[in-house]
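Written out below as structure tokens is the structure these notes cover.
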Amino acid sequence: MSRKDALYVAMCLGTIAFAIAFVYPQFTEQAVAWYYPLERRWAYETRATGLAMDFYGRLAQGLVAWAATVIAALLVALRIKRPLSERATSLLAAWAVTFTLLVILYFAWNLYFRHPTPSPIPDWYRPR
Amino acid sequence: MPDIVFDGAARLLVLLHAATAIVLVGAATHHAVVAVGYLRGTPRPRLGRIYAVVVAVSYAVTFGFGLLAYPTFRYHTRALYLDRYEPWASNLFDMKENFAALGIPLVIATLVLSRVLDPKRDRLLVGPYAAFVLFTAAIVWFDVISGLLITMTRGV
């Protein structure tokens, strides 16, 4: 497989890996890094115990999965002697776009119907 | 009052976030037009490579400023105001940030492919390349419009 095709395969598989790793903690009990902005601390846990953000943790997880997949795919693809077929080229792009679109739809569907719980108004609070 | 990281610089960070987003939406739109040209058989690969770099850099910088301002937004804007009075804006923000993250591998893929792709010879790769570019442009436009709507409702 040419370097160009190997890069293409790696990018498509990396996109799929990122989408899966990014969304996976949302519907499983998998622990992820949470940031607690009021306490300025990090915790690696399944569920938050206060005002916390899992976005950084999920993003880091997605990027690690992306990097690992891209490296592994490049190593394997560069050893394959056959050129990338027309069918494989189309399927890889279709899978990459479909996985990303499915995860987007998952977030859109869940967030559209979400009822967020506001934090209690503190004594010092003055609207700015 | 809680001591949130980058709280004092949050408005400047969001201003820079918006300024780089202007560059990003322009570059992503131009890149989409160039990618459609690839599909129609009128490729301008040098322009495609330039816009791929501009999109990648402006995407990274815009995303970075957003990450830095996020803790302040999460508490002062979202937890204390939007969640109580404008929950749709809270939800829209979370959609926007998750969509933006999902655009990262697409942006990297278009950057990498733009460096190696010859649109006249690699006809098989032109379709996927254009799909990634158009998908990225759609995410960017959604995020820019969402960001404007949220900021009009309540800023940091």
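Labels for the structure tokens follow display order: chains A, B, ..., residues from 1 in each chain, ligands from 1.
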Residues of chain B that have any atom at most 8 Å from an atom of chain A: could you tabulate them with the shortest-distance atom pair and the distance in Å to one decimal, using only C-alpha atoms, ordered by chain and increasing number, as CSV?
```
residue,atom,partner,partner_atom,distance
B:Met1,CA,A:Trp124,CA,6.4
B:Pro2,CA,A:Leu38,CA,5.8
B:Asp3,CA,A:Leu38,CA,6.7
B:Ile4,CA,A:Pro37,CA,5.8
B:Val5,CA,A:Arg40,CA,7.2
B:Pro71,CA,A:Pro37,CA,5.6
B:Thr72,CA,A:Pro37,CA,7.8
B:Tyr75,CA,A:Pro37,CA,7.6
B:Arg78,CA,A:Pro118,CA,7.9
B:Ala79,CA,A:Pro118,CA,5.1
B:Leu80,CA,A:Ser119,CA,5.7
B:Tyr81,CA,A:Pro118,CA,7.5
B:Leu82,CA,A:Pro118,CA,7.9
B:Asp83,CA,A:Pro118,CA,4.8
B:Arg84,CA,A:Pro118,CA,5.2
B:Pro87,CA,A:Pro116,CA,6.5
B:Trp88,CA,A:Tyr112,CA,7.5
B:Ser90,CA,A:Pro116,CA,7.6
B:Asn91,CA,A:Leu111,CA,5.3
B:Leu92,CA,A:Leu111,CA,7.5
B:Asp94,CA,A:Leu111,CA,7.3
B:Met95,CA,A:Ala108,CA,6.1
B:Asn98,CA,A:Phe107,CA,7.4
B:Phe99,CA,A:Ile104,CA,6.2
B:Ala101,CA,A:Leu59,CA,6.9
B:Leu102,CA,A:Ala19,CA,6.4
B:Pro105,CA,A:Thr15,CA,5.2
B:Leu106,CA,A:Thr15,CA,6.7
B:Ile108,CA,A:Met11,CA,7.8
B:Ala109,CA,A:Met11,CA,5.3
B:Val112,CA,A:Leu7,CA,7.6
B:Leu113,CA,A:Tyr8,CA,6.9
B:Val116,CA,A:Lys4,CA,6.2
B:Leu117,CA,A:Lys4,CA,7.6
B:Leu124,CA,A:Glu86,CA,6.8
B:Leu125,CA,A:Thr89,CA,7.3
B:Pro128,CA,A:Ala93,CA,5.5
B:Ala131,CA,A:Val97,CA,7.9
B:Phe132,CA,A:Val97,CA,7.5
```
Emit the selected residues as an mmCIF file, in the first residue's frame, including N, CA and C atoms.
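Output contents, as saved in selection.cif:
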```
data_model
loop_
_atom_site.group_PDB
_atom_site.id
_atom_site.type_symbol
_atom_site.label_atom_id
_atom_site.label_comp_id
_atom_site.auth_asym_id
_atom_site.auth_seq_id
_atom_site.Cartn_x
_atom_site.Cartn_y
_atom_site.Cartn_z
ATOM 1 N N MET B 1 -16.448 34.220 47.127
ATOM 2 C CA MET B 1 -16.516 33.949 45.680
ATOM 3 C C MET B 1 -15.460 32.903 45.305
ATOM 4 N N PRO B 2 -15.855 31.876 44.535
ATOM 5 C CA PRO B 2 -14.889 30.819 44.219
ATOM 6 C C PRO B 2 -13.761 31.328 43.316
ATOM 7 N N ASP B 3 -12.602 30.715 43.476
ATOM 8 C CA ASP B 3 -11.424 31.087 42.695
ATOM 9 C C ASP B 3 -11.305 30.126 41.514
ATOM 10 N N ILE B 4 -11.935 30.492 40.407
ATOM 11 C CA ILE B 4 -11.959 29.621 39.221
ATOM 12 C C ILE B 4 -10.795 29.995 38.300
ATOM 13 N N VAL B 5 -10.161 28.977 37.757
ATOM 14 C CA VAL B 5 -8.990 29.213 36.911
ATOM 15 C C VAL B 5 -9.350 30.075 35.689
ATOM 16 N N PRO B 71 -14.122 26.707 32.256
ATOM 17 C CA PRO B 71 -14.473 26.609 33.691
ATOM 18 C C PRO B 71 -15.296 27.796 34.191
ATOM 19 N N THR B 72 -14.940 29.019 33.760
ATOM 20 C CA THR B 72 -15.700 30.206 34.173
ATOM 21 C C THR B 72 -17.121 30.126 33.629
ATOM 22 N N TYR B 75 -19.462 27.595 35.484
ATOM 23 C CA TYR B 75 -20.061 27.973 36.762
ATOM 24 C C TYR B 75 -20.860 29.276 36.649
ATOM 25 N N ARG B 78 -23.272 29.117 33.084
ATOM 26 C CA ARG B 78 -24.200 27.990 32.935
ATOM 27 C C ARG B 78 -24.871 27.606 34.251
ATOM 28 N N ALA B 79 -24.074 27.283 35.260
ATOM 29 C CA ALA B 79 -24.653 26.735 36.496
ATOM 30 C C ALA B 79 -25.525 27.757 37.224
ATOM 31 N N LEU B 80 -25.092 29.035 37.224
ATOM 32 C CA LEU B 80 -25.839 30.035 37.992
ATOM 33 C C LEU B 80 -26.943 30.712 37.191
ATOM 34 N N TYR B 81 -26.834 30.713 35.873
ATOM 35 C CA TYR B 81 -27.853 31.443 35.105
ATOM 36 C C TYR B 81 -28.568 30.582 34.061
ATOM 37 N N LEU B 82 -27.809 30.073 33.082
ATOM 38 C CA LEU B 82 -28.462 29.388 31.956
ATOM 39 C C LEU B 82 -29.268 28.166 32.405
ATOM 40 N N ASP B 83 -28.706 27.372 33.316
ATOM 41 C CA ASP B 83 -29.420 26.165 33.764
ATOM 42 C C ASP B 83 -30.749 26.529 34.432
ATOM 43 N N ARG B 84 -30.801 27.724 35.021
ATOM 44 C CA ARG B 84 -32.003 28.136 35.756
ATOM 45 C C ARG B 84 -33.021 28.814 34.839
ATOM 46 N N PRO B 87 -32.442 27.020 29.928
ATOM 47 C CA PRO B 87 -31.817 25.694 29.798
ATOM 48 C C PRO B 87 -31.527 25.284 28.356
ATOM 49 N N TRP B 88 -32.285 25.809 27.406
ATOM 50 C CA TRP B 88 -32.022 25.467 26.007
ATOM 51 C C TRP B 88 -30.615 25.917 25.604
ATOM 52 N N SER B 90 -28.007 26.193 27.653
ATOM 53 C CA SER B 90 -27.061 25.240 28.268
ATOM 54 C C SER B 90 -26.903 24.011 27.386
ATOM 55 N N ASN B 91 -28.031 23.496 26.941
ATOM 56 C CA ASN B 91 -28.006 22.289 26.108
ATOM 57 C C ASN B 91 -27.345 22.558 24.753
ATOM 58 N N LEU B 92 -27.642 23.726 24.197
ATOM 59 C CA LEU B 92 -27.036 24.086 22.909
ATOM 60 C C LEU B 92 -25.521 24.205 23.058
ATOM 61 N N ASP B 94 -23.591 22.593 25.178
ATOM 62 C CA ASP B 94 -22.991 21.261 25.279
ATOM 63 C C ASP B 94 -22.970 20.547 23.930
ATOM 64 N N MET B 95 -24.025 20.780 23.114
ATOM 65 C CA MET B 95 -23.988 20.230 21.747
ATOM 66 C C MET B 95 -22.802 20.824 20.994
ATOM 67 N N ASN B 98 -19.361 19.468 22.111
ATOM 68 C CA ASN B 98 -19.146 18.066 21.713
ATOM 69 C C ASN B 98 -18.968 17.934 20.199
ATOM 70 N N PHE B 99 -19.743 18.704 19.440
ATOM 71 C CA PHE B 99 -19.590 18.675 17.980
ATOM 72 C C PHE B 99 -18.192 19.182 17.590
ATOM 73 N N ALA B 101 -15.456 19.019 19.309
ATOM 74 C CA ALA B 101 -14.460 17.979 19.596
ATOM 75 C C ALA B 101 -14.475 16.919 18.499
ATOM 76 N N LEU B 102 -15.664 16.550 18.040
ATOM 77 C CA LEU B 102 -15.771 15.511 17.011
ATOM 78 C C LEU B 102 -15.224 15.978 15.658
ATOM 79 N N PRO B 105 -10.687 15.202 14.584
ATOM 80 C CA PRO B 105 -10.053 14.226 13.669
ATOM 81 C C PRO B 105 -10.333 14.515 12.192
ATOM 82 N N LEU B 106 -11.481 15.121 11.901
ATOM 83 C CA LEU B 106 -11.779 15.475 10.504
ATOM 84 C C LEU B 106 -10.837 16.566 10.008
ATOM 85 N N ILE B 108 -7.811 17.203 11.174
ATOM 86 C CA ILE B 108 -6.471 16.628 11.012
ATOM 87 C C ILE B 108 -6.412 15.797 9.724
ATOM 88 N N ALA B 109 -7.491 15.032 9.471
ATOM 89 C CA ALA B 109 -7.520 14.194 8.265
ATOM 90 C C ALA B 109 -7.437 15.057 6.999
ATOM 91 N N VAL B 112 -3.849 16.416 6.640
ATOM 92 C CA VAL B 112 -2.906 15.384 6.180
ATOM 93 C C VAL B 112 -3.158 15.058 4.708
ATOM 94 N N LEU B 113 -4.431 14.836 4.352
ATOM 95 C CA LEU B 113 -4.751 14.461 2.962
ATOM 96 C C LEU B 113 -4.429 15.586 1.984
ATOM 97 N N VAL B 116 -0.939 15.358 0.595
ATOM 98 C CA VAL B 116 -0.527 14.235 -0.275
ATOM 99 C C VAL B 116 -1.456 14.026 -1.477
ATOM 100 N N LEU B 117 -2.595 14.694 -1.458
ATOM 101 C CA LEU B 117 -3.618 14.445 -2.482
ATOM 102 C C LEU B 117 -3.333 15.213 -3.777
ATOM 103 N N LEU B 124 -10.158 8.672 -6.545
ATOM 104 C CA LEU B 124 -10.847 7.886 -5.505
ATOM 105 C C LEU B 124 -10.864 8.606 -4.159
ATOM 106 N N LEU B 125 -9.815 9.372 -3.899
ATOM 107 C CA LEU B 125 -9.712 10.038 -2.595
ATOM 108 C C LEU B 125 -10.397 11.407 -2.575
ATOM 109 N N PRO B 128 -13.953 11.289 -0.525
ATOM 110 C CA PRO B 128 -13.779 11.310 0.930
ATOM 111 C C PRO B 128 -13.199 12.635 1.444
ATOM 112 N N ALA B 131 -15.879 15.145 1.436
ATOM 113 C CA ALA B 131 -16.852 14.844 2.500
ATOM 114 C C ALA B 131 -16.339 15.342 3.856
ATOM 115 N N PHE B 132 -15.061 15.093 4.140
ATOM 116 C CA PHE B 132 -14.479 15.547 5.411
ATOM 117 C C PHE B 132 -14.487 17.081 5.502
#
```
Polymer residues at most 12 Å from Thr46 in chain A, only C-alpha atoms, same-chain spacing of 4 or more positions, as a list of chain:residue names: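 Residues near the query, excluding close chain neighbours: A:Tyr24, A:Pro25, A:Gln26, A:Phe27, A:Thr28, A:Glu29, A:Gln30, A:Ala31, A:Val32, A:Ala33, A:Trp34, A:Ala52, A:Met53, A:Asp54, A:Gly57, A:Arg58.
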Backbone-only DSSP, strand (DSSP E or B) members of chain A, as number ranges by chain: A: 32-36, 41-45, 53
Those same residues - N, CA, C and O atoms - I'd like them written as a tab-separated table (two decimals), in the first residue's frame.
```
chain	number	residue	atom	x	y	z
A	32	VAL	N	-13.62	8.36	33.99
A	32	VAL	CA	-12.96	9.33	33.13
A	32	VAL	C	-12.48	10.48	34.03
A	32	VAL	O	-12.95	10.60	35.17
A	33	ALA	N	-11.56	11.28	33.53
A	33	ALA	CA	-11.06	12.41	34.34
A	33	ALA	C	-12.11	13.51	34.39
A	33	ALA	O	-12.57	13.98	33.35
A	34	TRP	N	-12.50	13.91	35.59
A	34	TRP	CA	-13.45	15.01	35.79
A	34	TRP	C	-12.70	16.20	36.37
A	34	TRP	O	-11.85	16.02	37.24
A	35	TYR	N	-13.06	17.40	35.94
A	35	TYR	CA	-12.47	18.61	36.51
A	35	TYR	C	-13.52	19.33	37.34
A	35	TYR	O	-14.63	19.59	36.86
A	36	TYR	N	-13.15	19.65	38.58
A	36	TYR	CA	-14.05	20.37	39.49
A	36	TYR	C	-13.60	21.83	39.52
A	36	TYR	O	-12.62	22.16	40.21
A	41	ARG	N	-9.67	20.99	41.14
A	41	ARG	CA	-9.03	19.68	41.28
A	41	ARG	C	-9.56	18.72	40.22
A	41	ARG	O	-10.63	18.96	39.64
A	42	TRP	N	-8.79	17.64	40.01
A	42	TRP	CA	-9.17	16.60	39.06
A	42	TRP	C	-9.50	15.33	39.83
A	42	TRP	O	-8.95	15.10	40.92
A	43	ALA	N	-10.40	14.53	39.29
A	43	ALA	CA	-10.72	13.23	39.90
A	43	ALA	C	-10.98	12.25	38.76
A	43	ALA	O	-11.59	12.61	37.75
A	44	TYR	N	-10.49	11.05	38.95
A	44	TYR	CA	-10.73	10.00	37.95
A	44	TYR	C	-11.84	9.11	38.50
A	44	TYR	O	-11.61	8.32	39.43
A	45	GLU	N	-13.04	9.27	38.00
A	45	GLU	CA	-14.18	8.56	38.59
A	45	GLU	C	-15.28	8.36	37.55
A	45	GLU	O	-15.26	8.96	36.47
A	53	MET	N	-16.81	18.80	35.31
A	53	MET	CA	-16.83	18.74	33.85
A	53	MET	C	-16.05	17.53	33.38
A	53	MET	O	-14.88	17.38	33.73
```
Between CA of Val144 in chain B and CA of Ser114 in chain B, distance in Å (one decimal): 24.2 Å
